[in-house]
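Let me begin by presenting the structure, written as structure tokens, before commenting on it.
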Amino acid sequence: MSSTPTKILVPADDLRTFSAALLEKGGLSAEHARTTADVFVWAAQRGVDSHGTARVPAYLDLLAKGVANAHPELTIESTAPAAAVLDADRAP
């Protein structure tokens with residue numbers, strides 16, 4: 001028997017839908033859950049697993065503990081010609 005874990009490939013659209021559903025149940029609005037899931041799947045498709053769908057459980061934990069804010073009030077603190085400082089109000 002091999003100790004190498006079996007890799008299971010899931011279609012990106014299915015993974016996006018599943019991740020968004022989990023994030024929405026965790027407290028995000030449907031729109032923010034879809035956007036967050038899009039970013040996670042995008043990262044996973046590029047092999048950046050540390051910022052991909054593997055982050056969903058950690059985000060759910062942060063939301064449950066109140067560390068991440070499910071309903072943030074985003075504000076632009078300052079701007080410059082090529083940059084801006086955004087206060088994300090602990091958004092995921």
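Convention: chains lettered A, B, ... in structure tokens order; per-chain residue numbering from 1; ligands numbered from 1 as shown.
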task: Please provide as a list in words all residues within 9 Å of stretch 35-41 of chain A, with the sequence filter that same-chain residues fewer than 3 positions apart are discarded (counting only C-alpha atoms).
output: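 Once the adjacent positions are removed, what remains is Ala12, Asp13, Leu15, Arg16, Thr17, Phe18, Ser19, Ala20, Ala21, Leu23, Ala30, Glu31, His32, Ala44, Gln45, Arg46, Asp49, His51, Gly52, Thr53, Ala54, Arg55, Val56 and Pro92 of chain A.
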Take the residues from that selection and put them in a file with N, CA, C and O atoms, as an mmCIF file, in the first residue's frame.
```cif
data_model
loop_
_atom_site.group_PDB
_atom_site.id
_atom_site.type_symbol
_atom_site.label_atom_id
_atom_site.label_comp_id
_atom_site.auth_asym_id
_atom_site.auth_seq_id
_atom_site.Cartn_x
_atom_site.Cartn_y
_atom_site.Cartn_z
ATOM 1 N N ALA A 12 -13.690 22.935 -11.767
ATOM 2 C CA ALA A 12 -13.594 24.260 -11.150
ATOM 3 C C ALA A 12 -14.963 24.839 -10.823
ATOM 4 O O ALA A 12 -15.153 25.418 -9.748
ATOM 5 N N ASP A 13 -15.920 24.689 -11.728
ATOM 6 C CA ASP A 13 -17.254 25.251 -11.466
ATOM 7 C C ASP A 13 -17.914 24.595 -10.258
ATOM 8 O O ASP A 13 -18.556 25.278 -9.457
ATOM 9 N N LEU A 15 -16.293 23.178 -7.727
ATOM 10 C CA LEU A 15 -15.537 23.612 -6.552
ATOM 11 C C LEU A 15 -15.915 25.042 -6.162
ATOM 12 O O LEU A 15 -16.080 25.355 -4.983
ATOM 13 N N ARG A 16 -16.108 25.894 -7.157
ATOM 14 C CA ARG A 16 -16.512 27.277 -6.924
ATOM 15 C C ARG A 16 -17.892 27.321 -6.258
ATOM 16 O O ARG A 16 -18.093 28.031 -5.267
ATOM 17 N N THR A 17 -18.824 26.538 -6.779
ATOM 18 C CA THR A 17 -20.184 26.504 -6.228
ATOM 19 C C THR A 17 -20.185 25.986 -4.794
ATOM 20 O O THR A 17 -20.829 26.554 -3.910
ATOM 21 N N PHE A 18 -19.436 24.914 -4.553
ATOM 22 C CA PHE A 18 -19.372 24.321 -3.220
ATOM 23 C C PHE A 18 -18.727 25.285 -2.227
ATOM 24 O O PHE A 18 -19.244 25.503 -1.121
ATOM 25 N N SER A 19 -17.603 25.886 -2.622
ATOM 26 C CA SER A 19 -16.905 26.825 -1.734
ATOM 27 C C SER A 19 -17.780 28.023 -1.413
ATOM 28 O O SER A 19 -17.854 28.465 -0.263
ATOM 29 N N ALA A 20 -18.456 28.563 -2.427
ATOM 30 C CA ALA A 20 -19.343 29.720 -2.207
ATOM 31 C C ALA A 20 -20.476 29.358 -1.254
ATOM 32 O O ALA A 20 -20.841 30.152 -0.385
ATOM 33 N N ALA A 21 -21.032 28.164 -1.408
ATOM 34 C CA ALA A 21 -22.125 27.731 -0.522
ATOM 35 C C ALA A 21 -21.644 27.646 0.925
ATOM 36 O O ALA A 21 -22.349 28.078 1.851
ATOM 37 N N LEU A 23 -19.101 29.311 2.283
ATOM 38 C CA LEU A 23 -18.824 30.663 2.765
ATOM 39 C C LEU A 23 -20.111 31.434 3.056
ATOM 40 O O LEU A 23 -20.181 32.191 4.031
ATOM 41 N N ALA A 30 -24.271 36.365 -0.421
ATOM 42 C CA ALA A 30 -24.108 35.515 -1.601
ATOM 43 C C ALA A 30 -23.071 36.103 -2.555
ATOM 44 O O ALA A 30 -22.218 35.379 -3.089
ATOM 45 N N GLU A 31 -23.115 37.410 -2.746
ATOM 46 C CA GLU A 31 -22.165 38.059 -3.666
ATOM 47 C C GLU A 31 -20.727 37.942 -3.165
ATOM 48 O O GLU A 31 -19.822 37.587 -3.918
ATOM 49 N N HIS A 32 -20.497 38.227 -1.885
ATOM 50 C CA HIS A 32 -19.146 38.146 -1.341
ATOM 51 C C HIS A 32 -18.661 36.695 -1.281
ATOM 52 O O HIS A 32 -17.471 36.434 -1.488
ATOM 53 N N ALA A 44 -6.171 28.215 -6.781
ATOM 54 C CA ALA A 44 -5.984 26.762 -6.823
ATOM 55 C C ALA A 44 -5.650 26.287 -8.239
ATOM 56 O O ALA A 44 -4.787 25.412 -8.426
ATOM 57 N N GLN A 45 -6.295 26.874 -9.237
ATOM 58 C CA GLN A 45 -6.037 26.482 -10.622
ATOM 59 C C GLN A 45 -4.615 26.829 -11.046
ATOM 60 O O GLN A 45 -4.090 26.229 -11.971
ATOM 61 N N ARG A 46 -4.010 27.779 -10.394
ATOM 62 C CA ARG A 46 -2.654 28.190 -10.719
ATOM 63 C C ARG A 46 -1.613 27.522 -9.823
ATOM 64 O O ARG A 46 -0.445 27.867 -9.853
ATOM 65 N N ASP A 49 -1.870 26.680 -3.778
ATOM 66 C CA ASP A 49 -2.793 26.057 -2.833
ATOM 67 C C ASP A 49 -2.884 26.796 -1.506
ATOM 68 O O ASP A 49 -3.923 26.771 -0.850
ATOM 69 N N HIS A 51 -3.294 29.779 -1.044
ATOM 70 C CA HIS A 51 -4.296 30.835 -1.164
ATOM 71 C C HIS A 51 -5.522 30.346 -1.934
ATOM 72 O O HIS A 51 -6.338 31.134 -2.377
ATOM 73 N N GLY A 52 -5.631 29.038 -2.073
ATOM 74 C CA GLY A 52 -6.742 28.444 -2.811
ATOM 75 C C GLY A 52 -7.848 27.953 -1.905
ATOM 76 O O GLY A 52 -8.026 28.431 -0.772
ATOM 77 N N THR A 53 -8.585 26.993 -2.395
ATOM 78 C CA THR A 53 -9.759 26.501 -1.668
ATOM 79 C C THR A 53 -9.400 25.820 -0.350
ATOM 80 O O THR A 53 -10.277 25.646 0.497
ATOM 81 N N ALA A 54 -8.140 25.502 -0.152
ATOM 82 C CA ALA A 54 -7.715 24.964 1.140
ATOM 83 C C ALA A 54 -7.924 25.989 2.257
ATOM 84 O O ALA A 54 -7.948 25.639 3.438
ATOM 85 N N ARG A 55 -8.127 27.265 1.904
ATOM 86 C CA ARG A 55 -8.335 28.333 2.876
ATOM 87 C C ARG A 55 -9.771 28.391 3.397
ATOM 88 O O ARG A 55 -10.042 29.045 4.402
ATOM 89 N N VAL A 56 -10.693 27.725 2.724
ATOM 90 C CA VAL A 56 -12.106 27.814 3.120
ATOM 91 C C VAL A 56 -12.307 27.467 4.598
ATOM 92 O O VAL A 56 -12.945 28.237 5.330
ATOM 93 N N PRO A 92 -13.025 39.341 4.936
ATOM 94 C CA PRO A 92 -12.215 38.156 4.590
ATOM 95 C C PRO A 92 -11.293 38.427 3.410
ATOM 96 O O PRO A 92 -11.588 39.154 2.515
#
```
field: For A:Glu77: contacts at 7 Å, only C-alpha atoms, fewer than 3 positions along chain excluded, given as number ranges by chain
entry: A: 85-87
- prompt: From the set A:Ala43, A:Val10, A:Leu22, A:Ala80, which residue has the shortest atom-to-atom contact distance to A:Ala58, counting only C-alpha atoms?
  reply: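 Selected residue with least distance to A:Ala58: A:Leu22.
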task: Would you mind listing what lies within 7 Å of A:Ala70 as a VMD selection string, with only C-alpha atoms counted and same-chain residues fewer than 4 positions away left out?
output: chain A and resid 27 to 28 63 91
- request: For atom CA of A:Asp89 and atom CA of A:Tyr59, quote the distance in Å rounded to one decimal.
  value: 15.1 Å
- request: Report the distance between atom CA of A:Ser78 and atom CA of A:Arg90 in Å, rounded to one decimal place.
  value: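 Distance between the two atoms: 17.7 Å.
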